[in-house]
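**Q** Contents of input-v4.pdb (PDB, C-alpha atoms) are below:
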```pdb
ATOM      1  CA  MET A   2      -7.484 -39.707  -0.458
ATOM      2  CA  THR A   3      -7.954 -39.258  -4.226
ATOM      3  CA  LEU A   4      -5.473 -40.489  -6.807
ATOM      4  CA  ARG A   5      -4.498 -36.908  -7.655
ATOM      5  CA  ARG A   6      -3.668 -36.086  -4.042
ATOM      6  CA  SER A   7      -1.741 -39.337  -3.672
ATOM      7  CA  LEU A   8       0.329 -38.491  -6.732
ATOM      8  CA  LEU A   9       0.978 -34.966  -5.414
ATOM      9  CA  TRP A  10       2.161 -36.308  -2.052
ATOM     10  CA  ALA A  11       4.362 -38.878  -3.782
ATOM     11  CA  ALA A  12       5.850 -36.214  -6.053
ATOM     12  CA  SER A  13       6.458 -33.938  -3.063
ATOM     13  CA  ALA A  14       8.214 -36.727  -1.142
ATOM     14  CA  ALA A  15      10.336 -37.610  -4.182
ATOM     15  CA  LEU A  16      11.296 -33.955  -4.603
ATOM     16  CA  THR A  17      12.299 -33.791  -0.941
ATOM     17  CA  ILE A  18      14.625 -36.788  -1.305
ATOM     18  CA  LEU A  19      16.084 -35.398  -4.529
ATOM     19  CA  VAL A  20      16.806 -31.975  -3.026
ATOM     20  CA  ILE A  21      18.459 -33.506   0.055
ATOM     21  CA  VAL A  22      20.677 -35.716  -2.141
ATOM     22  CA  VAL A  23      21.656 -32.668  -4.224
ATOM     23  CA  LEU A  24      22.476 -30.735  -1.043
ATOM     24  CA  ILE A  25      24.731 -33.524   0.273
ATOM     25  CA  LYS A  26      26.494 -33.865  -3.062
ATOM     26  CA  ILE A  27      27.217 -30.202  -3.836
ATOM     27  CA  SER A  28      28.203 -29.289  -0.272
ATOM     28  CA  LYS A  29      30.187 -32.486   0.398
ATOM     29  CA  LEU A  30      28.257 -32.709   3.650
ATOM     30  CA  ASP A  31      29.615 -35.110   6.249
ATOM     31  CA  LEU A  32      26.624 -36.355   8.243
ATOM     32  CA  ARG A  33      28.903 -37.736  10.967
ATOM     33  CA  VAL A  34      30.217 -34.233  11.671
ATOM     34  CA  THR A  35      26.668 -32.912  11.829
ATOM     35  CA  ALA A  36      25.711 -35.679  14.263
ATOM     36  CA  GLN A  37      28.698 -34.805  16.472
ATOM     37  CA  GLN A  38      27.678 -31.139  16.425
ATOM     38  CA  LEU A  39      24.167 -32.061  17.533
ATOM     39  CA  ARG A  40      25.476 -34.256  20.353
ATOM     40  CA  SER A  41      27.620 -31.360  21.590
ATOM     41  CA  VAL A  42      24.636 -29.033  22.087
ATOM     42  CA  GLY A  43      24.338 -28.088  25.758
ATOM     43  CA  TRP A  44      21.131 -27.861  27.775
ATOM     44  CA  VAL A  45      21.599 -24.114  28.318
ATOM     45  CA  SER A  46      21.796 -23.455  24.580
ATOM     46  CA  PHE A  47      18.791 -25.649  23.882
ATOM     47  CA  THR A  48      16.799 -23.968  26.670
ATOM     48  CA  LYS A  49      17.493 -20.580  25.098
ATOM     49  CA  LEU A  50      16.221 -21.936  21.785
ATOM     50  CA  VAL A  51      13.052 -23.249  23.450
ATOM     51  CA  LEU A  52      12.425 -19.825  25.010
ATOM     52  CA  LEU A  53      12.822 -18.124  21.628
ATOM     53  CA  THR A  54      10.499 -20.704  20.086
ATOM     54  CA  THR A  55       7.948 -19.940  22.803
ATOM     55  CA  ILE A  56       8.031 -16.239  21.885
ATOM     56  CA  HIS A  57       7.774 -17.166  18.205
ATOM     57  CA  VAL A  58       4.674 -19.282  18.840
ATOM     58  CA  TYR A  59       3.173 -16.589  21.082
ATOM     59  CA  LEU A  60       3.507 -13.926  18.355
ATOM     60  CA  SER A  61       1.887 -16.234  15.812
ATOM     61  CA  SER A  62      -0.900 -16.972  18.287
ATOM     62  CA  GLN A  63      -1.468 -13.251  18.862
ATOM     63  CA  LYS A  64      -1.762 -12.661  15.125
ATOM     64  CA  TRP A  65      -4.448 -15.320  14.831
ATOM     65  CA  ARG A  66      -6.322 -13.961  17.857
ATOM     66  CA  CYS A  67      -6.401 -10.504  16.244
ATOM     67  CA  VAL A  68      -7.874 -11.957  13.061
ATOM     68  CA  ASP A  69     -10.286 -14.226  14.948
ATOM     69  CA  ALA A  70     -11.634 -11.255  16.913
ATOM     70  CA  SER A  71     -12.604  -9.652  13.590
ATOM     71  CA  LEU A  72     -14.063 -12.832  12.077
ATOM     72  CA  ARG A  73     -16.175 -14.224  14.894
ATOM     73  CA  ARG A  74     -19.739 -13.206  15.548
ATOM     74  CA  ALA A  75     -21.274 -12.288  18.878
ATOM     75  CA  SER A  76     -22.721 -15.812  19.134
ATOM     76  CA  ASP A  77     -19.319 -17.488  18.576
ATOM     77  CA  SER A  78     -17.139 -18.511  21.492
ATOM     78  CA  ALA A  79     -13.605 -17.140  21.744
ATOM     79  CA  PRO A  80     -10.771 -19.586  22.429
ATOM     80  CA  SER A  81      -8.686 -18.766  25.490
ATOM     81  CA  ARG A  82      -5.101 -17.558  25.209
ATOM     82  CA  THR A  83      -3.928 -20.950  26.444
ATOM     83  CA  MET A  84      -6.021 -22.732  23.820
ATOM     84  CA  SER A  85      -4.794 -20.406  21.059
ATOM     85  CA  PHE A  86      -1.176 -20.915  22.102
ATOM     86  CA  ALA A  87      -1.551 -24.699  22.290
ATOM     87  CA  LEU A  88      -3.185 -24.902  18.851
ATOM     88  CA  THR A  89      -0.522 -22.662  17.339
ATOM     89  CA  GLY A  90       2.265 -24.652  18.993
ATOM     90  CA  THR A  91       0.797 -27.876  17.635
ATOM     91  CA  GLY A  92       0.567 -26.367  14.157
ATOM     92  CA  VAL A  93       4.188 -25.192  14.281
ATOM     93  CA  ALA A  94       5.360 -28.639  15.439
ATOM     94  CA  LEU A  95       3.416 -30.399  12.689
ATOM     95  CA  GLY A  96       4.802 -27.840  10.250
ATOM     96  CA  GLN A  97       8.199 -29.504  10.586
ATOM     97  CA  VAL A  98       6.915 -32.478   8.570
ATOM     98  CA  LEU A  99       3.899 -30.977   6.764
ATOM     99  CA  PRO A 100       3.443 -27.781   4.733
ATOM    100  CA  VAL A 101       3.042 -25.100   7.413
ATOM    101  CA  GLN A 102      -0.087 -23.679   5.752
ATOM    102  CA  LEU A 103      -1.746 -27.088   6.000
ATOM    103  CA  SER A 104      -0.525 -27.998   9.491
ATOM    104  CA  MET A 105      -1.453 -24.682  11.109
ATOM    105  CA  SER A 106      -4.826 -24.483   9.369
ATOM    106  CA  ALA A 107      -5.671 -28.069  10.319
ATOM    107  CA  ALA A 108      -4.678 -27.630  13.984
ATOM    108  CA  ARG A 109      -6.657 -24.427  14.417
ATOM    109  CA  THR A 110      -9.679 -25.628  12.458
ATOM    110  CA  LEU A 111      -9.970 -28.812  14.503
ATOM    111  CA  GLY A 112      -9.294 -26.911  17.717
ATOM    112  CA  THR A 113     -12.085 -24.402  17.097
ATOM    113  CA  TYR A 114     -14.614 -27.005  15.937
ATOM    114  CA  PHE A 115     -16.832 -26.461  18.985
ATOM    115  CA  TYR A 116     -16.378 -22.678  19.007
ATOM    116  CA  GLY A 117     -18.407 -21.961  15.865
ATOM    117  CA  ARG A 118     -17.535 -21.517  12.157
ATOM    118  CA  SER A 119     -14.271 -23.388  12.559
ATOM    119  CA  LEU A 120     -13.439 -23.509   8.843
ATOM    120  CA  LYS A 121     -13.679 -19.764   8.355
ATOM    121  CA  ARG A 122     -11.971 -18.896  11.639
ATOM    122  CA  GLY A 123      -9.420 -21.716  11.656
ATOM    123  CA  THR A 124      -8.434 -22.080   8.016
ATOM    124  CA  GLY A 125      -9.443 -18.654   6.694
ATOM    125  CA  GLY A 126      -8.033 -16.791   9.670
ATOM    126  CA  THR A 127      -4.758 -18.695   9.533
ATOM    127  CA  LEU A 128      -4.203 -18.124   5.820
ATOM    128  CA  PHE A 129      -5.016 -14.433   6.229
ATOM    129  CA  GLU A 130      -2.592 -13.863   9.108
ATOM    130  CA  GLN A 131       0.134 -15.906   7.414
ATOM    131  CA  SER A 132      -0.160 -13.736   4.304
ATOM    132  CA  PHE A 133       1.407 -10.902   6.315
ATOM    133  CA  ASP A 134       4.449 -13.086   7.007
ATOM    134  CA  VAL A 135       4.881 -13.392   3.241
ATOM    135  CA  LEU A 136       4.296  -9.652   2.747
ATOM    136  CA  ILE A 137       6.989  -8.579   5.214
ATOM    137  CA  VAL A 138       9.398 -11.070   3.658
ATOM    138  CA  GLY A 139       8.617  -9.538   0.258
ATOM    139  CA  PHE A 140       9.776  -6.164   1.583
ATOM    140  CA  LEU A 141      12.828  -7.558   3.384
ATOM    141  CA  VAL A 142      14.011  -9.470   0.329
ATOM    142  CA  VAL A 143      14.627  -6.064  -1.272
ATOM    143  CA  ALA A 144      17.030  -5.231   1.566
ATOM    144  CA  SER A 145      18.798  -8.571   1.114
ATOM    145  CA  ALA A 146      19.020  -8.180  -2.669
ATOM    146  CA  ALA A 147      20.379  -4.638  -2.363
ATOM    147  CA  THR A 148      22.985  -5.754   0.167
ATOM    148  CA  ARG A 149      24.118  -8.579  -2.100
ATOM    149  CA  PHE A 150      24.156  -6.403  -5.248
ATOM    150  CA  TYR A 151      26.223  -3.645  -3.658
ATOM    151  CA  GLU A 152      28.375  -6.170  -1.715
ATOM    152  CA  GLY A 153      27.405  -4.585   1.581
ATOM    153  CA  GLY A 154      27.652  -5.970   5.081
ATOM    154  CA  GLY A 155      25.725  -6.162   8.298
ATOM    155  CA  THR A 156      25.262  -2.402   8.719
ATOM    156  CA  MET A 157      23.873  -1.959   5.217
ATOM    157  CA  TRP A 158      21.443  -4.850   5.585
ATOM    158  CA  THR A 159      20.251  -3.649   8.997
ATOM    159  CA  VAL A 160      19.610  -0.090   7.778
ATOM    160  CA  CYS A 161      17.853  -1.306   4.631
ATOM    161  CA  ALA A 162      15.792  -3.855   6.556
ATOM    162  CA  ILE A 163      14.613  -1.281   9.110
ATOM    163  CA  ALA A 164      13.675   1.101   6.293
ATOM    164  CA  MET A 165      11.764  -1.595   4.391
ATOM    165  CA  ALA A 166       9.969  -2.828   7.527
ATOM    166  CA  ALA A 167       8.913   0.731   8.375
ATOM    167  CA  LEU A 168       7.725   1.221   4.792
ATOM    168  CA  ALA A 169       5.713  -2.014   4.977
ATOM    169  CA  ILE A 170       3.983  -1.002   8.224
ATOM    170  CA  LEU A 171       3.223   2.509   6.909
ATOM    171  CA  ALA A 172       2.058   1.351   3.471
ATOM    172  CA  VAL A 173      -0.228  -1.466   4.558
ATOM    173  CA  GLY A 174      -2.857   0.870   6.050
ATOM    174  CA  PRO A 175      -3.504   2.921   2.876
ATOM    175  CA  SER A 176      -3.332  -0.265   0.803
ATOM    176  CA  VAL A 177      -6.067  -1.927   2.873
ATOM    177  CA  ARG A 178      -8.234   1.201   2.674
ATOM    178  CA  LEU A 179      -7.838   1.165  -1.114
ATOM    179  CA  ILE A 180      -8.867  -2.498  -1.249
ATOM    180  CA  HIS A 181     -11.864  -1.717   0.972
ATOM    181  CA  ARG A 182     -13.004   1.044  -1.390
ATOM    182  CA  GLN A 183     -12.724  -1.334  -4.323
ATOM    183  CA  ALA A 184     -14.856  -3.912  -2.485
ATOM    184  CA  VAL A 185     -17.475  -1.250  -1.680
ATOM    185  CA  SER A 186     -17.501  -0.134  -5.308
ATOM    186  CA  LEU A 187     -17.954  -3.719  -6.487
ATOM    187  CA  ASN A 188     -20.894  -4.294  -4.121
ATOM    188  CA  ALA A 189     -22.510  -1.009  -5.199
ATOM    189  CA  ARG A 190     -23.115  -2.334  -8.707
ATOM    190  CA  THR A 191     -26.723  -3.027  -9.587
ATOM    191  CA  ILE A 192     -25.818  -6.375 -11.108
ATOM    192  CA  ALA A 193     -23.929  -8.795  -8.886
ATOM    193  CA  PRO A 194     -20.740 -10.181 -10.454
ATOM    194  CA  LYS A 195     -21.016 -13.718 -11.804
ATOM    195  CA  ASN A 196     -17.362 -14.505 -11.232
ATOM    196  CA  ARG A 197     -16.882 -16.422  -7.973
ATOM    197  CA  ILE A 198     -13.586 -14.684  -7.220
ATOM    198  CA  LEU A 199     -15.164 -11.250  -7.612
ATOM    199  CA  ARG A 200     -18.052 -12.266  -5.362
ATOM    200  CA  SER A 201     -15.616 -13.439  -2.709
ATOM    201  CA  PHE A 202     -13.709 -10.182  -3.038
ATOM    202  CA  GLY A 203     -16.920  -8.227  -2.550
ATOM    203  CA  ASN A 204     -17.717 -10.200   0.591
ATOM    204  CA  LEU A 205     -14.553  -8.847   2.188
ATOM    205  CA  GLU A 206     -16.335  -5.525   2.744
ATOM    206  CA  HIS A 207     -18.314  -6.962   5.659
ATOM    207  CA  SER A 208     -15.742  -9.528   6.843
ATOM    208  CA  GLY A 209     -14.027  -7.230   9.315
ATOM    209  CA  LEU A 210     -10.630  -8.050   7.800
ATOM    210  CA  LEU A 211     -10.249  -4.863   5.741
ATOM    211  CA  SER A 212      -9.240  -2.741   8.701
ATOM    212  CA  ALA A 213      -6.158  -0.524   8.498
ATOM    213  CA  GLY A 214      -5.539  -0.893  12.230
ATOM    214  CA  LEU A 215      -5.720  -4.684  12.042
ATOM    215  CA  ALA A 216      -3.387  -4.749   9.046
ATOM    216  CA  ARG A 217      -0.791  -2.581  10.805
ATOM    217  CA  ARG A 218      -0.898  -4.789  13.906
ATOM    218  CA  LEU A 219      -0.465  -7.936  11.829
ATOM    219  CA  MET A 220       2.422  -6.427   9.877
ATOM    220  CA  ALA A 221       4.145  -5.302  13.081
ATOM    221  CA  LEU A 222       3.698  -8.750  14.641
ATOM    222  CA  SER A 223       5.028 -10.412  11.475
ATOM    223  CA  THR A 224       8.081  -8.139  11.632
ATOM    224  CA  ALA A 225       8.684  -9.097  15.265
ATOM    225  CA  ARG A 226       8.176 -12.760  14.368
ATOM    226  CA  PHE A 227      10.813 -12.501  11.633
ATOM    227  CA  ALA A 228      13.263 -10.961  14.118
ATOM    228  CA  ILE A 229      12.695 -13.867  16.515
ATOM    229  CA  GLN A 230      13.292 -16.347  13.688
ATOM    230  CA  VAL A 231      16.638 -14.666  13.032
ATOM    231  CA  LEU A 232      17.573 -14.946  16.712
ATOM    232  CA  MET A 233      16.557 -18.620  16.663
ATOM    233  CA  ALA A 234      18.836 -19.209  13.679
ATOM    234  CA  GLY A 235      21.678 -17.440  15.455
ATOM    235  CA  GLN A 236      21.084 -19.519  18.583
ATOM    236  CA  THR A 237      21.261 -22.823  16.691
ATOM    237  CA  ALA A 238      24.501 -21.714  15.026
ATOM    238  CA  GLN A 239      25.977 -20.848  18.409
ATOM    239  CA  ALA A 240      24.710 -24.111  19.919
ATOM    240  CA  ILE A 241      26.621 -26.279  17.428
ATOM    241  CA  GLY A 242      29.725 -24.089  17.474
ATOM    242  CA  VAL A 243      29.451 -22.746  13.914
ATOM    243  CA  HIS A 244      30.328 -19.118  13.228
ATOM    244  CA  ILE A 245      27.857 -17.531  10.830
ATOM    245  CA  PRO A 246      27.318 -13.768  11.192
ATOM    246  CA  LEU A 247      23.794 -13.002  12.357
ATOM    247  CA  TRP A 248      23.218 -10.518   9.564
ATOM    248  CA  GLN A 249      23.971 -13.193   6.963
ATOM    249  CA  LEU A 250      21.339 -15.470   8.495
ATOM    250  CA  ALA A 251      18.882 -12.569   8.480
ATOM    251  CA  ALA A 252      19.713 -11.625   4.884
ATOM    252  CA  ALA A 253      19.360 -15.209   3.666
ATOM    253  CA  MET A 254      16.062 -15.883   5.438
ATOM    254  CA  PRO A 255      13.717 -13.933   3.092
ATOM    255  CA  PHE A 256      14.974 -15.892   0.075
ATOM    256  CA  VAL A 257      14.542 -19.172   1.954
ATOM    257  CA  ILE A 258      10.973 -18.389   3.020
ATOM    258  CA  ILE A 259       9.983 -17.416  -0.528
ATOM    259  CA  ALA A 260      11.541 -20.622  -1.881
ATOM    260  CA  CYS A 261       9.551 -22.704   0.616
ATOM    261  CA  VAL A 262       6.333 -20.923  -0.369
ATOM    262  CA  ILE A 263       6.921 -21.541  -4.082
ATOM    263  CA  VAL A 264       8.222 -25.134  -3.857
ATOM    264  CA  VAL A 265       5.975 -27.074  -1.487
ATOM    265  CA  THR A 266       7.569 -30.078   0.206
ATOM    266  CA  PRO A 267       6.606 -31.654   3.555
ATOM    267  CA  GLY A 268       7.662 -29.075   6.132
ATOM    268  CA  GLY A 269       9.911 -27.431   3.532
ATOM    269  CA  LEU A 270      12.275 -30.391   3.931
ATOM    270  CA  GLY A 271      15.191 -30.193   1.546
ATOM    271  CA  VAL A 272      14.148 -26.897  -0.021
ATOM    272  CA  ASN A 273      14.723 -25.057   3.254
ATOM    273  CA  GLU A 274      18.177 -26.543   3.784
ATOM    274  CA  LEU A 275      19.343 -26.186   0.174
ATOM    275  CA  SER A 276      18.091 -22.586   0.007
ATOM    276  CA  TYR A 277      19.871 -21.682   3.230
ATOM    277  CA  ALA A 278      23.158 -23.266   2.152
ATOM    278  CA  THR A 279      23.234 -21.632  -1.286
ATOM    279  CA  THR A 280      21.977 -18.210  -0.141
ATOM    280  CA  LEU A 281      24.400 -18.068   2.785
ATOM    281  CA  HIS A 282      27.148 -18.940   0.317
ATOM    282  CA  LEU A 283      26.210 -15.857  -1.719
ATOM    283  CA  PHE A 284      26.749 -13.723   1.393
ATOM    284  CA  GLY A 285      30.125 -15.260   2.213
ATOM    285  CA  THR A 286      29.522 -18.407   4.276
ATOM    286  CA  PRO A 287      31.271 -21.538   2.933
ATOM    287  CA  LEU A 288      28.784 -23.913   1.320
ATOM    288  CA  ASN A 289      29.752 -26.834   3.558
ATOM    289  CA  VAL A 290      29.366 -24.761   6.729
ATOM    290  CA  GLY A 291      25.985 -23.437   5.608
ATOM    291  CA  ALA A 292      24.748 -26.928   4.789
ATOM    292  CA  GLN A 293      25.892 -28.359   8.119
ATOM    293  CA  TRP A 294      24.198 -25.537  10.009
ATOM    294  CA  ALA A 295      20.991 -25.805   7.960
ATOM    295  CA  LEU A 296      20.649 -29.519   8.702
ATOM    296  CA  ALA A 297      21.422 -29.078  12.411
ATOM    297  CA  ASN A 298      19.050 -26.112  12.542
ATOM    298  CA  ARG A 299      16.256 -28.301  11.185
ATOM    299  CA  VAL A 300      16.758 -30.888  13.919
ATOM    300  CA  LEU A 301      17.132 -28.428  16.804
ATOM    301  CA  VAL A 302      14.179 -26.245  15.772
ATOM    302  CA  ALA A 303      11.982 -29.311  15.294
ATOM    303  CA  LEU A 304      12.855 -30.572  18.774
ATOM    304  CA  SER A 305      12.224 -27.166  20.356
ATOM    305  CA  CYS A 306       8.847 -26.911  18.591
ATOM    306  CA  ILE A 307       7.867 -30.354  19.887
ATOM    307  CA  VAL A 308       8.868 -29.360  23.431
ATOM    308  CA  VAL A 309       6.842 -26.118  23.275
ATOM    309  CA  ALA A 310       3.799 -27.881  21.788
ATOM    310  CA  ALA A 311       3.935 -30.658  24.391
ATOM    311  CA  CYS A 312       4.252 -28.202  27.291
ATOM    312  CA  ALA A 313       1.437 -26.023  25.943
ATOM    313  CA  THR A 314      -0.839 -29.036  25.519
ATOM    314  CA  LEU A 315      -0.001 -30.212  29.043
ATOM    315  CA  VAL A 316      -0.793 -26.782  30.508
ATOM    316  CA  LEU A 317      -4.054 -26.663  28.546
ATOM    317  CA  GLY A 318      -5.042 -30.119  29.834
ATOM    318  CA  LEU A 319      -4.242 -29.201  33.429
ATOM    319  CA  THR A 320      -6.204 -25.973  33.096
ATOM    320  CA  LYS A 321      -9.263 -27.853  31.873
ATOM    321  CA  ILE A 322      -8.978 -30.417  34.658
ATOM    322  CA  LEU A 323      -8.723 -27.707  37.321
ATOM    323  CA  ARG A 324     -11.645 -25.790  35.813
ATOM    324  CA  THR A 325     -13.775 -28.938  35.714
ATOM    325  CA  GLY A 326     -12.863 -29.688  39.324
ATOM    326  CA  ARG A 327     -13.864 -26.209  40.473
ATOM    327  CA  GLU A 328     -17.155 -26.424  38.597
ATOM    328  CA  THR A 329     -17.894 -29.820  40.171
ATOM    329  CA  ASP A 330     -17.129 -28.482  43.655
ATOM    330  CA  GLY A 331     -19.390 -25.509  43.009
ATOM    331  CA  MET A 332     -22.271 -27.736  41.938
ATOM    332  CA  GLN A 333     -21.863 -29.890  45.058
ATOM    333  CA  GLU A 334     -21.942 -26.814  47.304
ATOM    334  CA  ASP A 335     -25.148 -25.604  45.648
ATOM    335  CA  GLN A 336     -26.908 -28.897  46.358
ATOM    336  CA  PRO A 337     -28.969 -28.926  49.626
TER     337      PRO A 337
END
```
Output the file's structure in the form of structure tokens.
**A**
Amino acid sequence: MTLRRSLLWAASAALTILVIVVLIKISKLDLRVTAQQLRSVGWVSFTKLVLLTTIHVYLSSQKWRCVDASLRRASDSAPSRTMSFALTGTGVALGQVLPVQLSMSAARTLGTYFYGRSLKRGTGGTLFEQSFDVLIVGFLVVASAATRFYEGGGTMWTVCAIAMAALAILAVGPSVRLIHRQAVSLNARTIAPKNRILRSFGNLEHSGLLSAGLARRLMALSTARFAIQVLMAGQTAQAIGVHIPLWQLAAAMPFVIIACVIVVTPGGLGVNELSYATTLHLFGTPLNVGAQWALANRVLVALSCIVVAACATLVLGLTKILRTGRETDGMQEDQP
């Protein structure tokens, strides 16, 4: 690791500690109360959270599979659904302590090492599919901002969010076609561009990624993924016995995601919790209640992600063992 990267990691860790200290101070957070809330979580509530996390991981896995199908060549091997789910689950679990872009890209790149062009399919494919998560949040933040500005409630946010999500899904197709025409126009020039960014942009014409159908599917899956995240947040609030209206969690989430994208800390630690507490406060939740929920939510979601990743890895390992056993039996039967 270079000195620059070491300094960046140190600065990120220091920022995480600073943000957490600020959160505890301004919210007067009592960690003993939070610990009691976590101990009171029942197995039924946690099981529901694990099931929602499973759906969340599955949707993310499906997004990557859609992108990978466009990126891979005929000579490249396609990872199975079980493999894709296990890699995605591992990336989500690691994303609790690492930047999610790094953790997911690393897990998928290493997992597809023997499948061909792992860097392009693992890292490139992951960053491309995750960009749609940011895009849908960019649309939904308008609904949240409008609801806050006009002092609306759950009905207003829901109507605005549905309208913005529909607009995002309808607008992404024409936008991708426009980008594709620009890439074609750039490649049609007699003199190739010297700028590396422009050359990379021109290469998108033949990448298979500039497809309106693919973009609409990714946007729809990102919308569904956001809805599951909201349900997960509501489930953690219910599990610890804290009353926070579901629409407030949904309205706060776009601001939190954008904050975590802008300010990079390990797994969004500190930034995620502080953003949730302050944004929920803007929508009417007491600051102390929002902070307690945000901290408990971090712990419960991290545990559910670890459970899903461990189960997926176990299923993948058993599948490989059974497949190897069948192949061995077949080879023995073929022998005279």
**Q** Could you tell me how far CA of Phe150 in chain A sits from CA of Gly285 in chain A, in Å to one decimal place?
**A**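 For CA of Gly285 in chain A relative to CA of Phe150 in chain A, the distance reads 13.0 Å.
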**Q** Just the residues within 10 Å of Ser305 in chain A, please, counting only C-alpha atoms, with nothing from its chain fewer than 3 positions along; format it as a PyMOL selection string.
**A** chain A and resi 47-55+94+300-302+308-311
**Q** If we count all atoms listed in the file, what is near Leu120 in chain A at a cut-off of 6 Å, once residues fewer than 3 positions away on the same chain are taken out, given as an MDAnalysis selection string?
**A** chainID A and resid 110 123:124
**Q** From the options A:Ser71, A:Leu30, A:Asp77, A:Val101, which residue's atoms come nearest to Tyr114 in chain A, counting all atoms listed in the file?
**A** A:Asp77
**Q** I need the residue set behind the PyMOL selection byres ((chain A and resi 163) around 12) for this file; please write it as a PyMOL selection string.
**A** chain A and resi 137+140-141+143-145+156-162+164-170+221+224-225+228
**Q** Pick out the closest residue to Ser85 in chain A from this set: A:Pro100, A:Gly112, A:Gly209, A:Gly155. Count only C-alpha atoms.
**A**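 Residue with the minimum atom-to-atom distance to Ser85 in chain A: A:Gly112.
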**Q** As a ChimeraX atom specification, please: the residues near Val231 in chain A (cut-off 9 Å, only C-alpha atoms, same-chain neighbours under 3 positions excluded).
**A** /A:226-228,234-236,247-248,250-251,254
**Q** Between A:Leu210, A:Leu32, A:Val45, A:Leu16, single out the one closest to Asp69 in chain A, counting all atoms listed in the file.
**A**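 Using all atoms listed in the file, the shortest distance to Asp69 in chain A belongs to A:Leu210.
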**Q** Please list as a PDB file with C-alpha atoms, in the coordinates of the input every residue within 12 Å of Leu128 in chain A, counting all atoms listed in the file and excluding residues in the same chain fewer than 2 positions away.
**A**
```
ATOM      1  CA  SER A  61       1.887 -16.234  15.812  1.00  0.00           C
ATOM      2  CA  LYS A  64      -1.762 -12.661  15.125  1.00  0.00           C
ATOM      3  CA  TRP A  65      -4.448 -15.320  14.831  1.00  0.00           C
ATOM      4  CA  VAL A  68      -7.874 -11.957  13.061  1.00  0.00           C
ATOM      5  CA  ASP A  69     -10.286 -14.226  14.948  1.00  0.00           C
ATOM      6  CA  VAL A 101       3.042 -25.100   7.413  1.00  0.00           C
ATOM      7  CA  GLN A 102      -0.087 -23.679   5.752  1.00  0.00           C
ATOM      8  CA  LEU A 103      -1.746 -27.088   6.000  1.00  0.00           C
ATOM      9  CA  SER A 104      -0.525 -27.998   9.491  1.00  0.00           C
ATOM     10  CA  MET A 105      -1.453 -24.682  11.109  1.00  0.00           C
ATOM     11  CA  SER A 106      -4.826 -24.483   9.369  1.00  0.00           C
ATOM     12  CA  ALA A 107      -5.671 -28.069  10.319  1.00  0.00           C
ATOM     13  CA  ARG A 109      -6.657 -24.427  14.417  1.00  0.00           C
ATOM     14  CA  THR A 110      -9.679 -25.628  12.458  1.00  0.00           C
ATOM     15  CA  LEU A 120     -13.439 -23.509   8.843  1.00  0.00           C
ATOM     16  CA  LYS A 121     -13.679 -19.764   8.355  1.00  0.00           C
ATOM     17  CA  ARG A 122     -11.971 -18.896  11.639  1.00  0.00           C
ATOM     18  CA  GLY A 123      -9.420 -21.716  11.656  1.00  0.00           C
ATOM     19  CA  THR A 124      -8.434 -22.080   8.016  1.00  0.00           C
ATOM     20  CA  GLY A 125      -9.443 -18.654   6.694  1.00  0.00           C
ATOM     21  CA  GLY A 126      -8.033 -16.791   9.670  1.00  0.00           C
ATOM     22  CA  GLU A 130      -2.592 -13.863   9.108  1.00  0.00           C
ATOM     23  CA  GLN A 131       0.134 -15.906   7.414  1.00  0.00           C
ATOM     24  CA  SER A 132      -0.160 -13.736   4.304  1.00  0.00           C
ATOM     25  CA  PHE A 133       1.407 -10.902   6.315  1.00  0.00           C
ATOM     26  CA  ASP A 134       4.449 -13.086   7.007  1.00  0.00           C
ATOM     27  CA  VAL A 135       4.881 -13.392   3.241  1.00  0.00           C
TER      28      VAL A 135
END
```
**Q** On this structure, the PyMOL selection byres ((chain A and resi 18) around 12) would catch which residues? List them as a list in words, sorted by chain and number.
**A**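 Selection result, ordered by chain and number: Ala11, Ala12, Ser13, Ala14, Ala15, Leu16, Thr17, Leu19, Val20, Ile21, Val22, Val23, Leu24, Ile25, Thr266, Pro267, Gly269, Leu270, Gly271, Val272, Glu274 and Leu275 of chain A.
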**Q** Considering only C-alpha atoms, can you say which of A:Gly214, A:Gly96, A:Gly268, A:Gly242 comes closest to Val34 in chain A?
**A**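 Closest to Val34 in chain A of all the choices is A:Gly242.
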**Q** For each of A:Ile258, A:Leu179, A:Met233, A:Leu317, take the minimum atom-to-atom distance to Asn298 in chain A, counting only C-alpha atoms, then give the residue where this is smallest.
**A**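 Among the listed residues, A:Met233 lies closest to Asn298 in chain A.
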**Q** Quick one: residues within 8 Å of Thr279 in chain A, only C-alpha atoms counted, chain neighbours fewer than 3 positions away excluded, as a ChimeraX atom specification?
**A** /A:275-276,282-283,288,291
**Q** In Å to one decimal, how far is CA of Ser28 in chain A from CA of Ala292 in chain A?
**A**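 The value is 6.6 Å.
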**Q** As an exercise, work out the distance from CA of Leu219 in chain A to CA of Pro80 in chain A in Å and give it to one decimal place.
**A**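 CA of Leu219 in chain A sits 18.8 Å away from CA of Pro80 in chain A.
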**Q** Using all atoms listed in the file for the distances, tell me which of A:Thr127, A:Gln239, A:Gln293, A:Gln230 is nearest to Thr113 in chain A.
**A**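 For Thr113 in chain A, the nearest of the given residues is A:Thr127.
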**Q** Since I can't run it myself right now, could you work out what the PyMOL selection byres ((chain A and resi 284) around 9) selects here and report it as an mmCIF file with C-alpha atoms, in the coordinates of the input?
**A**
```
data_model
loop_
_atom_site.group_PDB
_atom_site.id
_atom_site.type_symbol
_atom_site.label_atom_id
_atom_site.label_comp_id
_atom_site.auth_asym_id
_atom_site.auth_seq_id
_atom_site.Cartn_x
_atom_site.Cartn_y
_atom_site.Cartn_z
ATOM 1 C CA THR A 148 22.985 -5.754 0.167
ATOM 2 C CA ARG A 149 24.118 -8.579 -2.100
ATOM 3 C CA GLU A 152 28.375 -6.170 -1.715
ATOM 4 C CA GLY A 154 27.652 -5.970 5.081
ATOM 5 C CA GLN A 249 23.971 -13.193 6.963
ATOM 6 C CA ALA A 252 19.713 -11.625 4.884
ATOM 7 C CA ALA A 253 19.360 -15.209 3.666
ATOM 8 C CA THR A 280 21.977 -18.210 -0.141
ATOM 9 C CA LEU A 281 24.400 -18.068 2.785
ATOM 10 C CA HIS A 282 27.148 -18.940 0.317
ATOM 11 C CA LEU A 283 26.210 -15.857 -1.719
ATOM 12 C CA GLY A 285 30.125 -15.260 2.213
ATOM 13 C CA THR A 286 29.522 -18.407 4.276
#
```
